>>> print(open('input-v2.txt').read())   # compact mmCIF, N, CA, C and O atoms
# COMPACT_ATOMS: atom_id res chain seq x y z
N MET A 1 8.28 -13.82 -8.36
CA MET A 1 8.19 -13.03 -7.17
C MET A 1 7.32 -13.78 -6.18
O MET A 1 6.21 -14.19 -6.50
N THR A 2 7.81 -13.94 -4.96
CA THR A 2 7.07 -14.61 -3.89
C THR A 2 6.65 -13.56 -2.87
O THR A 2 7.47 -12.80 -2.37
N LEU A 3 5.34 -13.52 -2.57
CA LEU A 3 4.83 -12.55 -1.61
C LEU A 3 4.57 -13.22 -0.27
O LEU A 3 3.99 -14.30 -0.21
N LYS A 4 4.98 -12.55 0.79
CA LYS A 4 4.74 -13.01 2.16
C LYS A 4 3.73 -12.05 2.79
O LYS A 4 3.94 -10.84 2.82
N PHE A 5 2.62 -12.57 3.27
CA PHE A 5 1.60 -11.77 3.94
C PHE A 5 2.17 -11.20 5.23
O PHE A 5 2.73 -11.94 6.05
N LEU A 6 2.04 -9.89 5.43
CA LEU A 6 2.53 -9.26 6.66
C LEU A 6 1.41 -8.92 7.62
O LEU A 6 1.55 -9.06 8.82
N GLY A 7 0.29 -8.44 7.10
CA GLY A 7 -0.82 -8.09 7.97
C GLY A 7 -1.86 -7.25 7.29
O GLY A 7 -1.65 -6.72 6.20
N THR A 8 -3.00 -7.13 7.96
CA THR A 8 -4.10 -6.34 7.45
C THR A 8 -4.89 -5.76 8.60
O THR A 8 -4.90 -6.34 9.70
N THR A 9 -5.53 -4.63 8.37
CA THR A 9 -6.44 -4.06 9.35
C THR A 9 -7.87 -4.16 8.85
O THR A 9 -8.78 -3.59 9.43
N SER A 10 -8.07 -4.90 7.78
CA SER A 10 -9.40 -5.00 7.18
C SER A 10 -10.22 -6.09 7.86
O SER A 10 -9.69 -6.96 8.56
N GLU A 11 -11.49 -6.03 7.62
CA GLU A 11 -12.41 -7.05 8.10
C GLU A 11 -13.13 -7.66 6.91
O GLU A 11 -13.36 -7.01 5.91
N ASN A 12 -13.45 -8.92 7.01
CA ASN A 12 -14.22 -9.62 5.97
C ASN A 12 -13.53 -9.65 4.62
O ASN A 12 -14.18 -9.60 3.58
N GLY A 13 -12.18 -9.68 4.59
CA GLY A 13 -11.46 -9.82 3.34
C GLY A 13 -11.31 -8.56 2.53
O GLY A 13 -10.84 -8.61 1.40
N ASN A 14 -11.69 -7.43 3.05
CA ASN A 14 -11.49 -6.17 2.34
C ASN A 14 -10.05 -5.72 2.52
O ASN A 14 -9.37 -6.12 3.45
N CYS A 15 -9.54 -4.88 1.62
CA CYS A 15 -8.21 -4.34 1.77
C CYS A 15 -8.26 -3.25 2.84
O CYS A 15 -9.32 -2.88 3.25
N PRO A 16 -7.20 -2.76 3.35
CA PRO A 16 -5.82 -2.78 2.89
C PRO A 16 -5.02 -3.92 3.51
O PRO A 16 -5.34 -4.42 4.58
N THR A 17 -3.93 -4.28 2.83
CA THR A 17 -3.07 -5.37 3.27
C THR A 17 -1.63 -5.06 2.87
O THR A 17 -1.39 -4.44 1.85
N LEU A 18 -0.69 -5.52 3.70
CA LEU A 18 0.74 -5.38 3.40
C LEU A 18 1.33 -6.74 3.10
O LEU A 18 0.99 -7.73 3.76
N TYR A 19 2.23 -6.77 2.11
CA TYR A 19 2.98 -7.97 1.74
C TYR A 19 4.45 -7.59 1.62
O TYR A 19 4.78 -6.45 1.33
N GLU A 20 5.32 -8.58 1.78
CA GLU A 20 6.75 -8.39 1.55
C GLU A 20 7.17 -9.26 0.38
O GLU A 20 6.74 -10.42 0.29
N VAL A 21 7.97 -8.71 -0.53
CA VAL A 21 8.55 -9.50 -1.60
C VAL A 21 9.73 -10.27 -0.99
O VAL A 21 10.71 -9.67 -0.57
N VAL A 22 9.61 -11.58 -0.92
CA VAL A 22 10.60 -12.41 -0.21
C VAL A 22 11.99 -12.23 -0.79
O VAL A 22 12.98 -12.10 -0.05
N GLU A 23 12.10 -12.19 -2.10
CA GLU A 23 13.41 -12.13 -2.74
C GLU A 23 14.14 -10.81 -2.54
O GLU A 23 15.37 -10.77 -2.57
N THR A 24 13.41 -9.71 -2.34
CA THR A 24 14.04 -8.39 -2.29
C THR A 24 13.82 -7.63 -0.99
O THR A 24 14.52 -6.66 -0.71
N GLY A 25 12.80 -8.02 -0.23
CA GLY A 25 12.44 -7.27 0.96
C GLY A 25 11.57 -6.06 0.69
O GLY A 25 11.19 -5.33 1.60
N ASP A 26 11.24 -5.81 -0.59
CA ASP A 26 10.36 -4.70 -0.94
C ASP A 26 8.97 -4.96 -0.38
O ASP A 26 8.60 -6.10 -0.09
N ILE A 27 8.18 -3.89 -0.25
CA ILE A 27 6.83 -3.98 0.30
C ILE A 27 5.80 -3.73 -0.81
O ILE A 27 5.95 -2.81 -1.61
N VAL A 28 4.76 -4.56 -0.83
CA VAL A 28 3.63 -4.39 -1.74
C VAL A 28 2.43 -4.01 -0.88
O VAL A 28 2.16 -4.64 0.15
N ILE A 29 1.73 -2.97 -1.30
CA ILE A 29 0.57 -2.48 -0.55
C ILE A 29 -0.69 -2.66 -1.38
O ILE A 29 -0.76 -2.24 -2.53
N GLN A 30 -1.68 -3.28 -0.77
CA GLN A 30 -3.00 -3.45 -1.39
C GLN A 30 -3.93 -2.46 -0.71
O GLN A 30 -4.01 -2.40 0.52
N GLY A 31 -4.63 -1.66 -1.50
CA GLY A 31 -5.56 -0.69 -0.93
C GLY A 31 -6.47 -0.13 -2.00
O GLY A 31 -6.35 -0.47 -3.17
N ASP A 32 -7.37 0.72 -1.57
CA ASP A 32 -8.27 1.38 -2.52
C ASP A 32 -7.49 2.36 -3.38
O ASP A 32 -6.66 3.12 -2.87
N ARG A 33 -7.73 2.32 -4.67
CA ARG A 33 -7.04 3.19 -5.62
C ARG A 33 -7.43 4.65 -5.38
O ARG A 33 -8.59 4.97 -5.15
N LEU A 34 -6.45 5.52 -5.43
CA LEU A 34 -6.69 6.96 -5.35
C LEU A 34 -7.15 7.44 -6.72
O LEU A 34 -6.41 7.30 -7.70
N THR A 35 -8.36 7.96 -6.80
CA THR A 35 -8.91 8.35 -8.10
C THR A 35 -9.34 9.81 -8.17
O THR A 35 -9.61 10.31 -9.26
N ASP A 36 -9.42 10.49 -7.05
CA ASP A 36 -9.85 11.88 -7.04
C ASP A 36 -8.83 12.74 -7.79
O ASP A 36 -7.67 12.80 -7.41
N THR A 37 -9.26 13.39 -8.86
CA THR A 37 -8.35 14.15 -9.71
C THR A 37 -7.70 15.31 -8.96
O THR A 37 -6.57 15.68 -9.27
N ARG A 38 -8.37 15.86 -7.96
CA ARG A 38 -7.77 16.95 -7.17
C ARG A 38 -6.58 16.43 -6.37
O ARG A 38 -5.58 17.13 -6.21
N HIS A 39 -6.70 15.23 -5.86
CA HIS A 39 -5.60 14.63 -5.10
C HIS A 39 -4.48 14.17 -6.03
O HIS A 39 -3.30 14.37 -5.75
N LEU A 40 -4.84 13.57 -7.15
CA LEU A 40 -3.84 13.10 -8.10
C LEU A 40 -3.01 14.26 -8.65
O LEU A 40 -1.81 14.12 -8.91
N ALA A 41 -3.62 15.42 -8.80
CA ALA A 41 -2.92 16.59 -9.33
C ALA A 41 -1.81 17.07 -8.38
O ALA A 41 -0.90 17.77 -8.80
N GLN A 42 -1.86 16.69 -7.13
CA GLN A 42 -0.86 17.11 -6.15
C GLN A 42 0.37 16.21 -6.14
O GLN A 42 1.38 16.54 -5.51
N LEU A 43 0.32 15.06 -6.82
CA LEU A 43 1.44 14.12 -6.84
C LEU A 43 2.51 14.60 -7.80
O LEU A 43 2.23 15.28 -8.79
N ARG A 44 3.76 14.21 -7.52
CA ARG A 44 4.89 14.68 -8.34
C ARG A 44 5.60 13.51 -8.99
O ARG A 44 5.64 12.41 -8.45
N ASP A 45 6.20 13.79 -10.15
CA ASP A 45 7.07 12.83 -10.85
C ASP A 45 6.40 11.47 -11.05
O ASP A 45 6.97 10.43 -10.74
N VAL A 46 5.20 11.49 -11.58
CA VAL A 46 4.42 10.26 -11.76
C VAL A 46 4.72 9.64 -13.11
O VAL A 46 4.61 10.29 -14.15
N LYS A 47 5.11 8.36 -13.09
CA LYS A 47 5.33 7.61 -14.33
C LYS A 47 4.02 6.97 -14.77
O LYS A 47 3.14 6.71 -13.95
N ASP A 48 3.89 6.70 -16.06
CA ASP A 48 2.68 6.06 -16.60
C ASP A 48 2.43 4.69 -15.96
O ASP A 48 1.29 4.25 -15.87
N SER A 49 3.48 4.03 -15.51
CA SER A 49 3.35 2.68 -14.95
C SER A 49 2.92 2.69 -13.48
O SER A 49 2.66 1.64 -12.91
N GLU A 50 2.81 3.86 -12.86
CA GLU A 50 2.53 3.94 -11.43
C GLU A 50 1.05 4.14 -11.14
O GLU A 50 0.32 4.74 -11.93
N THR A 51 0.64 3.63 -9.99
CA THR A 51 -0.70 3.88 -9.47
C THR A 51 -0.55 4.19 -7.98
O THR A 51 0.52 3.97 -7.40
N PHE A 52 -1.60 4.66 -7.37
CA PHE A 52 -1.54 5.09 -5.98
C PHE A 52 -2.70 4.50 -5.21
O PHE A 52 -3.82 4.44 -5.71
N VAL A 53 -2.42 4.09 -3.98
CA VAL A 53 -3.46 3.54 -3.13
C VAL A 53 -3.46 4.29 -1.80
O VAL A 53 -2.44 4.81 -1.36
N VAL A 54 -4.63 4.32 -1.18
CA VAL A 54 -4.79 4.96 0.12
C VAL A 54 -4.63 3.89 1.19
O VAL A 54 -5.27 2.83 1.11
N VAL A 55 -3.75 4.14 2.15
CA VAL A 55 -3.45 3.16 3.19
C VAL A 55 -3.63 3.81 4.56
O VAL A 55 -3.04 4.86 4.83
N PRO A 56 -4.43 3.21 5.44
CA PRO A 56 -4.55 3.76 6.78
C PRO A 56 -3.21 3.71 7.52
O PRO A 56 -2.48 2.73 7.42
N ARG A 57 -2.89 4.76 8.25
CA ARG A 57 -1.64 4.81 9.00
C ARG A 57 -1.52 3.61 9.94
O ARG A 57 -0.44 3.07 10.14
N GLU A 58 -2.62 3.17 10.53
CA GLU A 58 -2.58 2.03 11.46
C GLU A 58 -2.00 0.78 10.82
O GLU A 58 -1.27 0.02 11.45
N LEU A 59 -2.29 0.54 9.55
CA LEU A 59 -1.75 -0.63 8.87
C LEU A 59 -0.23 -0.58 8.85
O LEU A 59 0.44 -1.57 9.14
N LEU A 60 0.33 0.57 8.54
CA LEU A 60 1.78 0.71 8.47
C LEU A 60 2.42 0.62 9.85
O LEU A 60 3.46 -0.02 10.02
N THR A 61 1.84 1.27 10.84
CA THR A 61 2.45 1.26 12.17
C THR A 61 2.37 -0.11 12.82
O THR A 61 3.24 -0.47 13.62
N ARG A 62 1.36 -0.90 12.47
CA ARG A 62 1.22 -2.23 13.07
C ARG A 62 2.03 -3.30 12.36
O ARG A 62 2.54 -4.22 12.99
N PHE A 63 2.15 -3.22 11.03
CA PHE A 63 2.68 -4.36 10.28
C PHE A 63 3.90 -4.09 9.42
O PHE A 63 4.53 -5.02 8.96
N ALA A 64 4.24 -2.83 9.15
CA ALA A 64 5.41 -2.57 8.31
C ALA A 64 6.68 -2.99 9.02
O ALA A 64 6.83 -2.78 10.22
N PRO A 65 7.62 -3.60 8.30
CA PRO A 65 8.89 -3.99 8.91
C PRO A 65 9.60 -2.77 9.49
O PRO A 65 9.55 -1.68 8.92
N LYS A 66 10.26 -2.96 10.61
CA LYS A 66 10.92 -1.84 11.29
C LYS A 66 12.32 -1.57 10.75
O LYS A 66 12.88 -0.53 10.98
N GLU A 67 12.93 -2.51 10.03
CA GLU A 67 14.26 -2.27 9.48
C GLU A 67 14.21 -2.17 7.98
O GLU A 67 13.27 -2.40 7.33
>>> encode(input="input-v2.txt", output="structure tokens")
Amino acid sequence: MTLKFLGTTSENGNCPTLYEVVETGDIVIQGDRLTDTRHLAQLRDVKDSETFVVVPRELLTRFAPKE
């Protein structure tokens, strides 16, 4: 898998960051892990292999591919 850097709103190397998987066009999101059990309890259909990250809306509106 080859990742292409799309953009970040972080300063000094902190996350969040967006990447694109070159081969598939899928998006990889780097961010702080969601760990609050009250928030996790609201998620649906969670597989054991999944994790969740918090991403500022600005990161998506500035750097997410439009198509």
>>> select_by_dssp(input="input-v2.txt", residues="chain A", states="strand (DSSP E)", output="number ranges by chain")
A: 3-8, 17-21, 27-30, 32-33, 53-54
>>> residues_around(input="input-v2.txt", residues="Thr24 (chain A)", least_positions_apart="3", cutoff="8 Å", atoms="all atoms listed in the file", output="list in words")
Met1, Thr2, Glu20, Val21 and Ile27 of chain A
>>> closest_residue(input="input-v2.txt", among="A:Gln30, A:Gln42, A:Thr35, A:Thr9", to="Glu58 (chain A)", atoms="all atoms listed in the file")
A:Thr9
>>> atom_distance(input="input-v2.txt", atom1="atom C of Pro65 (chain A)", atom2="atom N of Leu18 (chain A)")
12.1 Å
>>> atom_distance(input="input-v2.txt", atom1="CA of Gly7 (chain A)", atom2="CA of Leu34 (chain A)")
20.9 Å
>>> atom_distance(input="input-v2.txt", atom1="atom O of Glu23 (chain A)", atom2="CA of Val54 (chain A)")
25.7 Å
